[in-house]
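Shown below: run_37.cif, with mmCIF, C-alpha atoms.
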data_final
loop_
_atom_site.label_atom_id
_atom_site.label_comp_id
_atom_site.auth_asym_id
_atom_site.auth_seq_id
_atom_site.Cartn_x
_atom_site.Cartn_y
_atom_site.Cartn_z
CA MET A 1 -48.35 171.24 147.81
CA THR A 2 -46.63 172.92 144.87
CA ASP A 3 -43.94 175.51 145.52
CA LEU A 4 -46.04 178.23 143.90
CA LEU A 5 -49.02 177.42 146.12
CA ALA A 6 -46.80 177.32 149.21
CA ALA A 7 -45.28 180.71 148.34
CA ARG A 8 -48.66 182.26 147.68
CA SER A 9 -50.11 180.76 150.87
CA GLN A 10 -47.23 182.12 152.91
CA MET A 11 -47.62 185.63 151.48
CA ALA A 12 -51.38 185.54 151.98
CA MET A 13 -50.97 184.49 155.61
CA SER A 14 -48.23 187.05 156.25
CA LEU A 15 -50.10 189.93 154.66
CA GLY A 16 -53.35 188.94 156.35
CA PHE A 17 -51.62 188.92 159.75
CA HIS A 18 -49.54 192.05 159.28
CA ILE A 19 -52.36 194.21 157.98
CA LEU A 20 -54.17 193.95 161.31
CA PHE A 21 -51.23 195.61 163.06
CA ALA A 22 -50.65 198.02 160.21
CA VAL A 23 -54.16 199.46 160.44
CA ALA A 24 -53.87 199.64 164.23
CA GLY A 25 -50.75 201.77 163.77
CA MET A 26 -52.71 204.00 161.39
CA ALA A 27 -55.84 204.47 163.52
CA MET A 28 -55.09 203.90 167.22
CA PRO A 29 -52.91 207.03 167.55
CA LEU A 30 -55.87 209.14 166.40
CA LEU A 31 -58.04 207.76 169.19
CA MET A 32 -55.18 208.37 171.60
CA VAL A 33 -54.69 212.03 170.70
CA ILE A 34 -58.44 212.73 170.73
CA ALA A 35 -58.62 211.42 174.29
CA GLN A 36 -55.57 213.46 175.32
CA TRP A 37 -57.00 216.57 173.66
CA ARG A 38 -60.12 216.18 175.81
CA TRP A 39 -57.98 215.96 178.92
CA LEU A 40 -55.97 219.05 177.96
CA ARG A 41 -59.11 221.06 177.19
CA HIS A 42 -61.34 219.91 180.07
CA GLY A 43 -59.05 218.35 182.67
CA ASP A 44 -61.03 215.11 182.51
CA LYS A 45 -59.17 212.37 184.42
CA ALA A 46 -61.10 209.69 182.53
CA ALA A 47 -59.72 211.10 179.28
CA LEU A 48 -56.17 211.03 180.70
CA GLU A 49 -56.56 207.41 181.80
CA LEU A 50 -57.98 206.52 178.41
CA ALA A 51 -55.17 208.26 176.51
CA LYS A 52 -52.58 206.37 178.56
CA ARG A 53 -54.28 203.02 178.06
CA TRP A 54 -54.60 203.57 174.34
CA SER A 55 -50.98 204.71 174.12
CA LYS A 56 -49.89 201.41 175.68
CA GLY A 57 -52.01 199.51 173.18
CA THR A 58 -50.54 201.55 170.34
CA ALA A 59 -47.01 200.75 171.49
CA ILE A 60 -47.68 197.01 171.79
CA LEU A 61 -49.35 196.77 168.38
CA PHE A 62 -46.64 198.93 166.81
CA ALA A 63 -43.90 196.64 168.13
CA VAL A 64 -45.57 193.45 166.93
CA GLY A 65 -46.33 195.08 163.57
CA ALA A 66 -42.67 195.98 163.22
CA VAL A 67 -41.72 192.32 163.67
CA SER A 68 -44.31 191.02 161.20
CA GLY A 69 -43.40 193.75 158.71
CA THR A 70 -39.73 192.81 158.92
CA ALA A 71 -40.66 189.20 158.26
CA LEU A 72 -42.58 190.33 155.17
CA SER A 73 -39.54 192.12 153.79
CA PHE A 74 -37.53 188.92 154.12
CA GLU A 75 -40.29 186.95 152.41
CA LEU A 76 -40.28 189.28 149.40
CA GLY A 77 -36.63 188.52 148.79
CA LEU A 78 -36.88 184.85 149.72
CA LEU A 79 -40.01 183.93 147.77
CA TRP A 80 -40.22 186.44 144.93
CA PRO A 81 -36.71 187.26 143.67
CA GLU A 82 -37.87 187.92 140.09
CA PHE A 83 -40.45 190.38 141.32
CA MET A 84 -37.82 192.21 143.34
CA ARG A 85 -35.41 192.22 140.42
CA HIS A 86 -37.92 193.83 138.09
CA ALA A 87 -39.91 195.96 140.53
CA GLY A 88 -37.20 197.05 142.96
CA PRO A 89 -35.65 199.75 140.75
CA ILE A 90 -39.11 201.11 139.92
CA ILE A 91 -40.97 201.21 143.24
CA GLY A 92 -37.99 201.44 145.56
CA MET A 93 -38.87 205.05 146.38
CA PRO A 94 -42.26 204.47 148.07
CA PHE A 95 -40.75 201.62 150.08
CA SER A 96 -37.89 203.91 151.15
CA LEU A 97 -40.32 206.67 152.07
CA GLU A 98 -42.37 204.14 154.02
CA GLY A 99 -39.28 203.23 156.01
CA PHE A 100 -38.59 206.92 156.66
CA ALA A 101 -42.16 207.49 157.87
CA PHE A 102 -41.96 204.34 160.01
CA PHE A 103 -38.83 205.54 161.81
CA LEU A 104 -40.35 208.98 162.39
CA GLU A 105 -43.43 207.26 163.78
CA ALA A 106 -41.21 205.29 166.16
CA ILE A 107 -39.44 208.49 167.28
CA PHE A 108 -42.70 210.32 167.92
CA LEU A 109 -44.09 207.28 169.74
CA GLY A 110 -41.02 207.20 171.99
CA LEU A 111 -41.45 210.89 172.78
CA PHE A 112 -45.10 210.35 173.56
CA LEU A 113 -44.63 207.30 175.77
CA TYR A 114 -41.78 208.77 177.84
CA GLY A 115 -42.73 212.43 177.66
CA TRP A 116 -45.78 212.57 179.93
CA ASP A 117 -43.87 214.38 182.68
CA ARG A 118 -40.97 215.64 180.57
CA LEU A 119 -42.60 217.60 177.76
CA LYS A 120 -44.96 220.54 177.89
CA PRO A 121 -48.54 219.26 177.58
CA TRP A 122 -49.28 220.59 174.10
CA VAL A 123 -45.82 219.64 172.83
CA HIS A 124 -46.50 216.14 174.12
CA TRP A 125 -49.86 216.14 172.34
CA LEU A 126 -48.15 217.20 169.09
CA ALA A 127 -45.81 214.21 169.45
CA GLY A 128 -48.89 211.99 169.58
CA LEU A 129 -50.28 213.73 166.52
CA GLY A 130 -46.96 213.00 164.79
CA VAL A 131 -47.41 209.29 165.59
CA TRP A 132 -50.78 209.32 163.81
CA LEU A 133 -49.66 211.34 160.79
CA MET A 134 -46.55 209.21 160.23
CA GLY A 135 -48.58 206.03 160.67
CA MET A 136 -51.01 207.18 157.98
CA ALA A 137 -48.14 208.26 155.72
CA SER A 138 -46.39 204.91 156.17
CA GLY A 139 -49.53 203.06 155.13
CA ALA A 140 -50.10 205.38 152.19
CA PHE A 141 -46.61 204.79 150.77
CA VAL A 142 -46.99 201.00 150.96
CA VAL A 143 -50.37 201.17 149.25
CA CYS A 144 -48.82 203.30 146.47
CA ALA A 145 -46.40 200.43 145.82
CA ASN A 146 -49.28 197.95 145.76
CA ALA A 147 -51.26 200.20 143.43
CA TRP A 148 -48.30 200.13 141.03
CA MET A 149 -48.67 196.34 140.84
CA ASN A 150 -52.23 196.90 139.59
CA THR A 151 -51.40 199.79 137.22
CA PRO A 152 -47.65 199.67 136.49
CA ALA A 153 -46.25 202.99 135.30
CA GLY A 154 -43.08 205.06 135.38
CA PHE A 155 -40.74 202.92 133.26
CA ASP A 156 -40.02 201.78 129.73
CA LEU A 157 -39.12 198.32 128.45
CA GLN A 158 -36.34 197.54 126.02
CA ALA A 159 -35.67 193.93 125.07
CA GLY A 160 -37.54 192.83 128.18
CA GLU A 161 -35.41 194.96 130.49
CA VAL A 162 -36.57 197.96 132.51
CA ILE A 163 -35.12 201.29 131.39
CA ALA A 164 -35.88 205.00 131.89
CA VAL A 165 -37.33 204.64 135.38
CA ARG A 166 -39.47 207.60 136.50
CA PRO A 167 -39.93 207.02 140.25
CA TRP A 168 -42.50 209.76 140.90
CA GLU A 169 -44.65 208.57 138.04
CA ALA A 170 -44.38 205.01 139.34
CA MET A 171 -45.35 205.96 142.88
CA LEU A 172 -48.19 208.23 141.78
CA ASN A 173 -49.55 205.65 139.34
CA PRO A 174 -53.18 205.72 138.13
CA ALA A 175 -54.45 203.47 140.95
CA ALA A 176 -52.58 205.23 143.77
CA PHE A 177 -55.18 207.84 144.72
CA SER A 178 -58.19 205.53 144.82
CA GLU A 179 -56.36 202.73 146.67
CA VAL A 180 -54.77 205.04 149.25
CA LEU A 181 -58.04 206.85 149.93
CA HIS A 182 -59.95 203.58 150.31
CA MET A 183 -57.31 202.04 152.57
CA LEU A 184 -56.89 205.00 154.94
CA ILE A 185 -60.63 205.23 155.49
CA ALA A 186 -60.85 201.45 155.92
CA ALA A 187 -58.19 201.59 158.64
CA LEU A 188 -60.15 204.16 160.64
CA GLU A 189 -63.41 202.28 160.14
CA SER A 190 -62.17 198.81 161.05
CA VAL A 191 -60.12 199.86 164.08
CA GLY A 192 -62.79 202.30 165.29
CA PHE A 193 -65.46 199.59 165.38
CA ALA A 194 -63.09 197.00 166.88
CA VAL A 195 -62.21 199.35 169.75
CA ALA A 196 -65.89 200.25 170.17
CA ALA A 197 -66.72 196.54 170.55
CA ILE A 198 -64.21 196.19 173.40
CA HIS A 199 -65.65 199.11 175.35
CA ALA A 200 -69.23 198.11 174.56
CA TRP A 201 -68.46 194.75 176.17
CA ALA A 202 -67.07 196.56 179.22
CA LEU A 203 -70.19 198.74 179.45
CA LEU A 204 -72.37 195.65 179.50
CA LYS A 205 -70.58 194.74 182.72
CA ASN A 206 -70.58 198.27 184.19
CA ARG A 207 -73.01 200.74 182.66
CA ASN A 208 -71.76 203.54 184.98
CA SER A 209 -68.15 203.69 183.77
CA ARG A 210 -67.35 207.14 182.42
CA LEU A 211 -64.10 205.84 180.97
CA HIS A 212 -65.79 203.27 178.76
CA ARG A 213 -68.59 205.66 177.80
CA MET A 214 -66.02 208.17 176.62
CA ALA A 215 -64.03 205.47 174.85
CA LEU A 216 -67.15 204.23 173.09
CA ALA A 217 -68.08 207.76 172.02
CA ILE A 218 -64.62 208.49 170.59
CA SER A 219 -64.17 205.17 168.80
CA LEU A 220 -67.69 205.22 167.36
CA THR A 221 -67.24 208.78 166.14
CA VAL A 222 -64.06 207.84 164.27
CA GLY A 223 -65.21 204.44 163.02
CA GLY A 224 -68.77 205.53 162.26
CA THR A 225 -67.73 208.62 160.31
CA ALA A 226 -65.33 206.51 158.27
CA ALA A 227 -68.04 203.89 157.66
CA VAL A 228 -70.44 206.49 156.25
CA ILE A 229 -67.75 207.99 154.00
CA GLN A 230 -66.33 204.66 152.83
CA PRO A 231 -68.99 203.87 150.18
CA PHE A 232 -68.02 207.05 148.33
CA SER A 233 -64.34 206.11 148.29
CA GLY A 234 -65.39 202.61 147.25
CA HIS A 235 -67.21 204.09 144.27
CA ILE A 236 -64.07 206.00 143.28
CA ALA A 237 -62.03 202.78 143.50
CA GLY A 238 -64.67 200.81 141.60
CA ASP A 239 -64.83 203.42 138.85
CA HIS A 240 -61.07 203.13 138.39
CA VAL A 241 -61.21 199.33 138.27
CA ALA A 242 -64.01 199.47 135.70
CA HIS A 243 -61.92 201.58 133.32
CA VAL A 244 -58.46 200.10 133.92
CA GLN A 245 -58.99 196.51 135.18
CA PRO A 246 -62.20 195.32 133.54
CA ILE A 247 -61.37 191.65 134.09
CA LYS A 248 -61.08 192.23 137.84
CA LEU A 249 -64.38 194.11 137.79
CA ALA A 250 -66.06 191.20 135.99
CA ALA A 251 -64.74 188.73 138.58
CA MET A 252 -65.80 190.97 141.48
CA LYS A 253 -69.33 191.22 140.15
CA GLY A 254 -69.73 187.68 138.79
CA HIS A 255 -70.26 189.19 135.32
CA PHE A 256 -69.51 186.54 132.69
CA HIS A 257 -70.91 187.94 129.45
CA THR A 258 -70.43 191.38 127.94
CA ALA A 259 -73.74 193.22 128.05
CA ARG A 260 -75.44 196.55 128.21
CA ASP A 261 -77.94 197.20 130.99
CA ALA A 262 -75.71 194.99 133.14
CA ALA A 263 -77.26 193.70 136.36
CA PHE A 264 -75.63 193.62 139.79
CA HIS A 265 -75.59 190.21 141.50
CA ILE A 266 -76.13 189.62 145.20
CA GLY A 267 -75.36 186.18 146.60
CA GLY A 268 -75.58 183.09 144.43
CA TYR A 269 -72.75 181.06 142.98
CA PRO A 270 -70.45 181.93 140.06
CA ASP A 271 -70.36 178.76 137.95
CA VAL A 272 -67.07 179.11 136.11
CA GLU A 273 -67.53 175.98 134.00
CA ARG A 274 -70.86 177.16 132.63
CA ALA A 275 -69.82 180.82 132.69
CA GLU A 276 -72.96 181.93 134.48
CA MET A 277 -74.25 183.09 137.84
CA ARG A 278 -76.59 180.69 139.59
CA GLY A 279 -79.08 181.49 142.34
CA SER A 280 -78.22 185.17 142.72
CA LEU A 281 -80.51 188.13 143.22
CA GLU A 282 -80.14 190.42 140.18
CA ILE A 283 -80.68 194.17 140.31
CA PRO A 284 -81.14 195.34 136.69
CA TYR A 285 -78.96 198.17 135.35
CA LEU A 286 -77.11 198.63 138.64
CA LEU A 287 -73.73 197.30 137.48
CA SER A 288 -73.74 199.60 134.44
CA ILE A 289 -74.64 202.52 136.68
CA LEU A 290 -71.97 201.76 139.28
CA ALA A 291 -69.27 201.13 136.69
CA PHE A 292 -69.94 203.94 134.21
CA MET A 293 -72.78 206.07 135.65
CA ASP A 294 -74.94 205.05 132.72
CA PRO A 295 -77.72 202.42 133.04
CA HIS A 296 -77.19 201.38 129.41
CA ALA A 297 -73.37 201.28 129.44
CA GLU A 298 -71.64 198.19 128.12
CA VAL A 299 -69.74 196.20 130.75
CA LYS A 300 -67.24 193.63 129.55
CA GLY A 301 -67.69 190.11 130.86
CA LEU A 302 -65.11 187.49 131.72
CA THR A 303 -65.68 185.65 128.45
CA ALA A 304 -64.28 188.68 126.62
CA PHE A 305 -60.83 187.79 127.98
CA PRO A 306 -58.60 184.72 127.58
CA ARG A 307 -59.50 181.99 130.05
CA ASP A 308 -55.93 181.71 131.32
CA GLU A 309 -56.10 185.35 132.46
CA TRP A 310 -59.16 184.84 134.65
CA PRO A 311 -58.53 185.19 138.38
CA PRO A 312 -60.06 182.63 140.77
CA VAL A 313 -63.58 183.97 140.22
CA PRO A 314 -65.42 182.46 143.24
CA VAL A 315 -62.76 183.73 145.65
CA VAL A 316 -62.86 187.26 144.24
CA TYR A 317 -66.65 187.32 143.98
CA TYR A 318 -67.34 186.16 147.54
CA ALA A 319 -64.61 188.39 149.00
CA PHE A 320 -66.22 191.37 147.28
CA GLN A 321 -69.68 190.36 148.53
CA ILE A 322 -68.36 190.08 152.08
CA MET A 323 -66.65 193.46 151.86
CA ILE A 324 -69.63 195.42 150.58
CA GLY A 325 -72.06 193.51 152.80
CA ILE A 326 -70.15 194.33 155.97
CA GLY A 327 -69.45 197.87 154.80
CA SER A 328 -73.16 198.50 154.26
CA LEU A 329 -74.00 196.96 157.64
CA LEU A 330 -71.47 199.13 159.53
CA ALA A 331 -72.55 202.28 157.70
CA GLY A 332 -76.17 201.56 158.63
CA LEU A 333 -75.19 200.87 162.25
CA ALA A 334 -73.24 204.13 162.40
CA LEU A 335 -76.22 206.10 161.12
CA LEU A 336 -78.50 204.37 163.65
CA VAL A 337 -76.20 205.28 166.56
CA ALA A 338 -75.94 208.88 165.29
CA TRP A 339 -79.73 209.14 165.06
CA LEU A 340 -80.24 207.76 168.56
CA ALA A 341 -77.58 210.09 169.97
CA TRP A 342 -79.21 213.07 168.23
CA ARG A 343 -82.66 212.20 169.58
CA ARG A 344 -81.48 211.61 173.14
CA ARG A 345 -78.74 214.23 173.20
CA ALA A 346 -76.50 211.56 174.73
CA LEU A 347 -74.57 208.44 173.78
CA PRO A 348 -77.04 205.52 173.60
CA THR A 349 -76.01 202.59 175.80
CA ASP A 350 -79.03 200.31 175.49
CA PRO A 351 -78.04 196.68 176.14
CA TRP A 352 -79.31 195.58 172.72
CA LEU A 353 -77.17 198.24 171.03
CA LEU A 354 -74.07 197.38 173.06
CA LYS A 355 -74.50 193.70 172.21
CA THR A 356 -74.88 194.61 168.54
CA LEU A 357 -71.66 196.60 168.67
CA VAL A 358 -69.85 193.69 170.32
CA VAL A 359 -70.98 191.34 167.57
CA CYS A 360 -70.35 193.76 164.70
CA GLY A 361 -67.08 195.23 166.00
CA PRO A 362 -64.72 192.59 164.55
CA LEU A 363 -66.56 192.60 161.20
CA GLY A 364 -64.66 195.68 160.06
CA LEU A 365 -61.43 193.70 160.21
CA VAL A 366 -63.09 190.87 158.27
CA ALA A 367 -64.12 193.37 155.58
CA LEU A 368 -60.56 194.69 155.52
CA GLU A 369 -59.16 191.23 154.87
CA ALA A 370 -61.83 190.60 152.22
CA GLY A 371 -60.98 193.86 150.47
CA TRP A 372 -57.33 192.95 150.23
CA THR A 373 -58.31 189.54 148.92
CA VAL A 374 -60.22 191.28 146.12
CA THR A 375 -57.21 193.48 145.35
CA GLU A 376 -54.58 190.75 145.35
CA VAL A 377 -56.43 187.68 144.09
CA GLY A 378 -58.35 189.76 141.56
CA ARG A 379 -55.05 190.67 139.90
CA GLN A 380 -54.04 187.05 139.32
CA PRO A 381 -52.42 185.46 137.38
CA TRP A 382 -50.28 188.63 137.40
CA VAL A 383 -48.06 189.82 140.22
CA VAL A 384 -47.52 193.00 138.17
CA ARG A 385 -50.49 193.32 135.84
CA GLY A 386 -49.58 192.85 132.20
CA PHE A 387 -45.88 192.77 133.01
CA LEU A 388 -44.91 189.84 135.23
CA LYS A 389 -46.92 186.73 136.06
CA THR A 390 -46.94 185.28 139.56
CA ALA A 391 -45.66 181.90 138.36
CA ASP A 392 -42.65 183.61 136.76
CA ALA A 393 -41.82 185.63 139.87
CA VAL A 394 -41.57 182.81 142.41
CA THR A 395 -38.22 181.51 143.59
CA PRO A 396 -36.90 178.26 142.06
CA MET A 397 -35.88 177.10 145.53
CA PRO A 398 -37.64 173.79 146.36
CA GLY A 399 -39.29 172.85 149.62
CA LEU A 400 -41.16 176.08 150.26
CA TRP A 401 -43.50 174.31 152.65
CA MET A 402 -40.75 174.54 155.28
CA PRO A 403 -40.64 178.37 155.52
CA LEU A 404 -44.45 178.30 155.40
CA LEU A 405 -44.49 176.23 158.58
CA VAL A 406 -41.81 178.36 160.23
CA PHE A 407 -43.56 181.65 159.53
CA THR A 408 -46.93 180.18 160.55
CA GLY A 409 -45.40 179.31 163.90
CA LEU A 410 -43.92 182.80 164.20
CA TYR A 411 -47.27 184.48 163.61
CA LEU A 412 -49.02 182.18 166.07
CA VAL A 413 -46.50 183.16 168.74
CA LEU A 414 -46.83 186.86 167.89
CA GLY A 415 -50.61 186.61 168.06
CA VAL A 416 -50.56 184.99 171.50
CA VAL A 417 -47.99 187.50 172.77
CA SER A 418 -50.06 190.41 171.46
CA VAL A 419 -53.26 189.29 173.18
CA SER A 420 -51.41 188.58 176.42
CA LEU A 421 -49.69 191.98 176.48
CA LEU A 422 -52.87 193.87 175.62
CA LYS A 423 -54.79 192.07 178.35
CA ARG A 424 -52.11 192.74 180.93
CA HIS A 425 -51.08 196.31 180.10
CA VAL A 426 -54.17 197.84 178.49
CA PHE A 427 -57.39 196.07 179.41
CA ALA A 428 -56.54 195.59 183.09
CA SER A 429 -54.22 198.51 183.86
CA THR A 430 -54.86 201.15 186.51
CA LEU A 431 -53.11 204.36 187.36
CA PRO A 432 -52.70 205.77 190.87
CA GLY A 433 -54.61 208.89 191.83
CA VAL A 434 -57.55 208.27 189.54
CA ASP A 435 -61.14 207.98 190.81
CA GLN A 436 -62.39 204.42 191.27
CA GLU A 437 -65.07 205.02 188.65
CA VAL A 438 -62.43 206.01 186.14
CA ARG A 439 -60.17 203.07 187.05
CA ASP A 440 -62.85 200.51 186.17
CA ASP A 441 -61.08 197.70 184.36
CA VAL A 442 -62.00 196.35 180.94
CA ALA A 443 -61.03 192.82 181.87
#

Can you give me the file's structure in the form of structure tokens?
Amino acid sequence: MTDLLAARSQMAMSLGFHILFAVAGMAMPLLMVIAQWRWLRHGDKAALELAKRWSKGTAILFAVGAVSGTALSFELGLLWPEFMRHAGPIIGMPFSLEGFAFFLEAIFLGLFLYGWDRLKPWVHWLAGLGVWLMGMASGAFVVCANAWMNTPAGFDLQAGEVIAVRPWEAMLNPAAFSEVLHMLIAALESVGFAVAAIHAWALLKNRNSRLHRMALAISLTVGGTAAVIQPFSGHIAGDHVAHVQPIKLAAMKGHFHTARDAAFHIGGYPDVERAEMRGSLEIPYLLSILAFMDPHAEVKGLTAFPRDEWPPVPVVYYAFQIMIGIGSLLAGLALLVAWLAWRRRALPTDPWLLKTLVVCGPLGLVALEAGWTVTEVGRQPWVVRGFLKTADAVTPMPGLWMPLLVFTGLYLVLGVVSVSLLKRHVFASTLPGVDQEVRDDVA
């Protein structure tokens, strides 16, 4: 294993692990405060039990995410010193603001967890709202820094050195809005459906549990609404990529040759050696429409760019196919549930639907990972597009397979600890003084 491959593998594993906890910190507090709001408005003990369970889950996931995020910060300095040397002075501000938002989130979470009997009810609820808002802000600032890697801005170069840094311009770079919007909605969608799957599974065991019915209704409302909105934010992101990163667009779509009336490919195999798509279903004009809102627009193909600047096309293409496939599936499922609920004037809990939710629930997280694969791998061979290549940013330190093994072990331990804590303190917890129906356990 080369050092560059080991470094890239370690970052991919670390980011793929951490993002699961990051999106939980962005979305779980919203579910928590919705449940508490219902308790405050209607005095529903099931809502109170649900808010407390979800607050425990939020705390556990927040703590583990803090550990994995700290490990990531060490990896940036350990593995990518040249990237930090060039990028640090430019995008230090969004990282600093992310840290500020993170600490505020921790403060609000502490107030919420220990303030049930110490704070006035609506003040306590506002603390929970602060957890959600700071979690979303923290994620947004990090994504702004990532967007800068795709569309670097806010600095000048003189003799290869960075001068005249403009931090606001760097943070609010051309890709920032589309990436932040897409990511925040993706967090709500993926976590909403994952939580819905857990409670759907519980309802299959006990169809009479009000707690799980309410949990399913809240999580599906959040996740389903996000799923229906997400294609519109995806179009905004895709439009930006088409104009600013045409080579990434070509890799995402398996588009090898510049053409007007460009077709959209579904499935198949991108044959890089022959520079052609094989075995795919082609929808005429659709790529030109999606990219430029014109069925006859010219879309640049991969062959219009130097071969050494191509990203790993099959990886990017299949990741994109997985992302849009799952996104379409979840949006359709959300519309189906909404239609059934509208017709019946109640939350549908048919066994076939609950089983479908159990199966589809984790797919949102798969789509999330696939989307980040498109973003990161699609930028290769650049770590900062047009400015710094990945091979030039890696540390010269040999033997990078060793930290790869160490961090892999760390994440395995964190994963096991997370599941164990959630099972013990969230899925099987009960509170005294709550009706037996409400205290029905998930596990």

Residues returned when the PyMOL selection byres ((chain A and resi 370) around 8) runs on this file, as a list in words: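 Those residues are Ala319, Phe320, Ile322, Met323, Val366, Ala367, Leu368, Glu369, Gly371, Trp372, Thr373 and Val374 of chain A.
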
Could you write out as a VMD selection string the residues that the PyMOL selection byres ((chain A and resi 146-162) around 9) matches in the shown file? chain A and resid 86 to 87 89 to 91 141 to 145 163 to 180 244 to 245 375 to 376 379 382 to 387

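Atom to atom, CA of Gly192 in chain A and CA of Val222 in chain A stand 5.8 Å apart.
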
Residue nearest His265 in chain A among A:Glu309, A:Tyr318, A:Leu203, A:Thr395 (counting only C-alpha atoms):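 When distances to His265 in chain A are compared using only C-alpha atoms, the smallest one comes from A:Tyr318.
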
Could you jot down the CA of His42 in chain A to CA of Ala127 in chain A separation for me, Å, one decimal place?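 Rounded to one decimal, the two atoms are 19.7 Å apart.
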
Taking a cut-off of 7 Å and counting only C-alpha atoms, can you build a table that, for each residue of range 62-160 of chain A near range 12-35 of chain A, reports the nearest atom pair and how far apart they are in Å (one decimal), sorted by chain then residue number, as JSON lines?
{"residue": "A:Phe62", "atom": "CA", "partner": "A:Gly25", "partner_atom": "CA", "distance": 5.8}
{"residue": "A:Gly65", "atom": "CA", "partner": "A:Phe21", "partner_atom": "CA", "distance": 5.0}
{"residue": "A:Ser68", "atom": "CA", "partner": "A:His18", "partner_atom": "CA", "distance": 5.7}
{"residue": "A:Gly69", "atom": "CA", "partner": "A:His18", "partner_atom": "CA", "distance": 6.4}
{"residue": "A:Leu72", "atom": "CA", "partner": "A:Ser14", "partner_atom": "CA", "distance": 6.6}
{"residue": "A:Trp125", "atom": "CA", "partner": "A:Val33", "partner_atom": "CA", "distance": 6.6}
{"residue": "A:Gly128", "atom": "CA", "partner": "A:Val33", "partner_atom": "CA", "distance": 5.9}
{"residue": "A:Leu129", "atom": "CA", "partner": "A:Val33", "partner_atom": "CA", "distance": 6.3}
{"residue": "A:Val131", "atom": "CA", "partner": "A:Pro29", "partner_atom": "CA", "distance": 6.3}
{"residue": "A:Trp132", "atom": "CA", "partner": "A:Pro29", "partner_atom": "CA", "distance": 4.9}
{"residue": "A:Gly135", "atom": "CA", "partner": "A:Met26", "partner_atom": "CA", "distance": 4.7}
{"residue": "A:Met136", "atom": "CA", "partner": "A:Met26", "partner_atom": "CA", "distance": 5.0}

Gap from CA of Ala200 in chain A to CA of Ala217 in chain A - Å, one decimal: 10.0 Å

For range 270-276 of chain A, work out the shell of residues within 12 Å, counting all atoms listed in the file and skipping chain neighbours fewer than 5 positions away, then give it as a PyMOL selection string. chain A and resi 250-258+265+301-304+307+310-318+321

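By chain and then residue number, the residues within 12 Å of Arg8 in chain A are Met1, Thr2, Asp3, Leu4, Leu5, Met11, Ala12, Met13, Ser14, Leu15, Gly16, Glu75, Leu76, Leu79, Trp80, Glu376, Val377, Gln380, Pro381, Val383, Thr390, Ala391, Ala393, Val394, Thr395, Leu400, Trp401, Pro403 and Leu404 of chain A, counting only C-alpha atoms and disregarding those fewer than 3 positions away in sequence.
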
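Once the PyMOL selection byres ((chain A and resi 229) around 10) is applied to the shown structure, the selection contains His182, Ile185, Ala186, Glu189, Gly224, Thr225, Ala226, Ala227, Val228, Gln230, Pro231, Phe232, Ser233, Gly234 and Ala331 of chain A.
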
A:Thr408, A:Gln36, A:Ser418, A:Ser280: which is nearest Ser55 in chain A, counting all atoms listed in the file?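 Among the listed residues, the smallest separation from Ser55 in chain A belongs to A:Gln36.
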
Please identify all polymer residues lying at most 9 Å from the point (-60.8, 209.8, 178.7) (file coordinates), using only C-alpha atoms, and present the result as a list in words. Ile34, Ala35, Gln36, Arg38, Trp39, Asp44, Lys45, Ala46, Ala47, Leu48, Glu49, Leu50, Ala51, Lys52, Arg210, Leu211, His212, Arg213, Met214, Ala215 and Val438 of chain A

Using only C-alpha atoms, pick whichever of A:Phe103, A:Trp201, A:Tyr411, A:Trp37 has the shortest atom-to-atom distance to Lys355 in chain A.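 Under the stated criterion, the closest residue is A:Trp201.
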
Around the point (-64.0, 194.6, 171.0) (coordinates from the file), which residues reach within 12 Å if we count all atoms listed in the file? Answer as an MDAnalysis selection string. chainID A and resid 190:204 212 215:216 219:220 354:365 427 442:443

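Compared by their closest atoms to Leu113 in chain A, and using all atoms listed in the file, the residues A:Gly57, A:Gly332, A:Gly325, A:Pro306 rank with A:Gly57 nearest.
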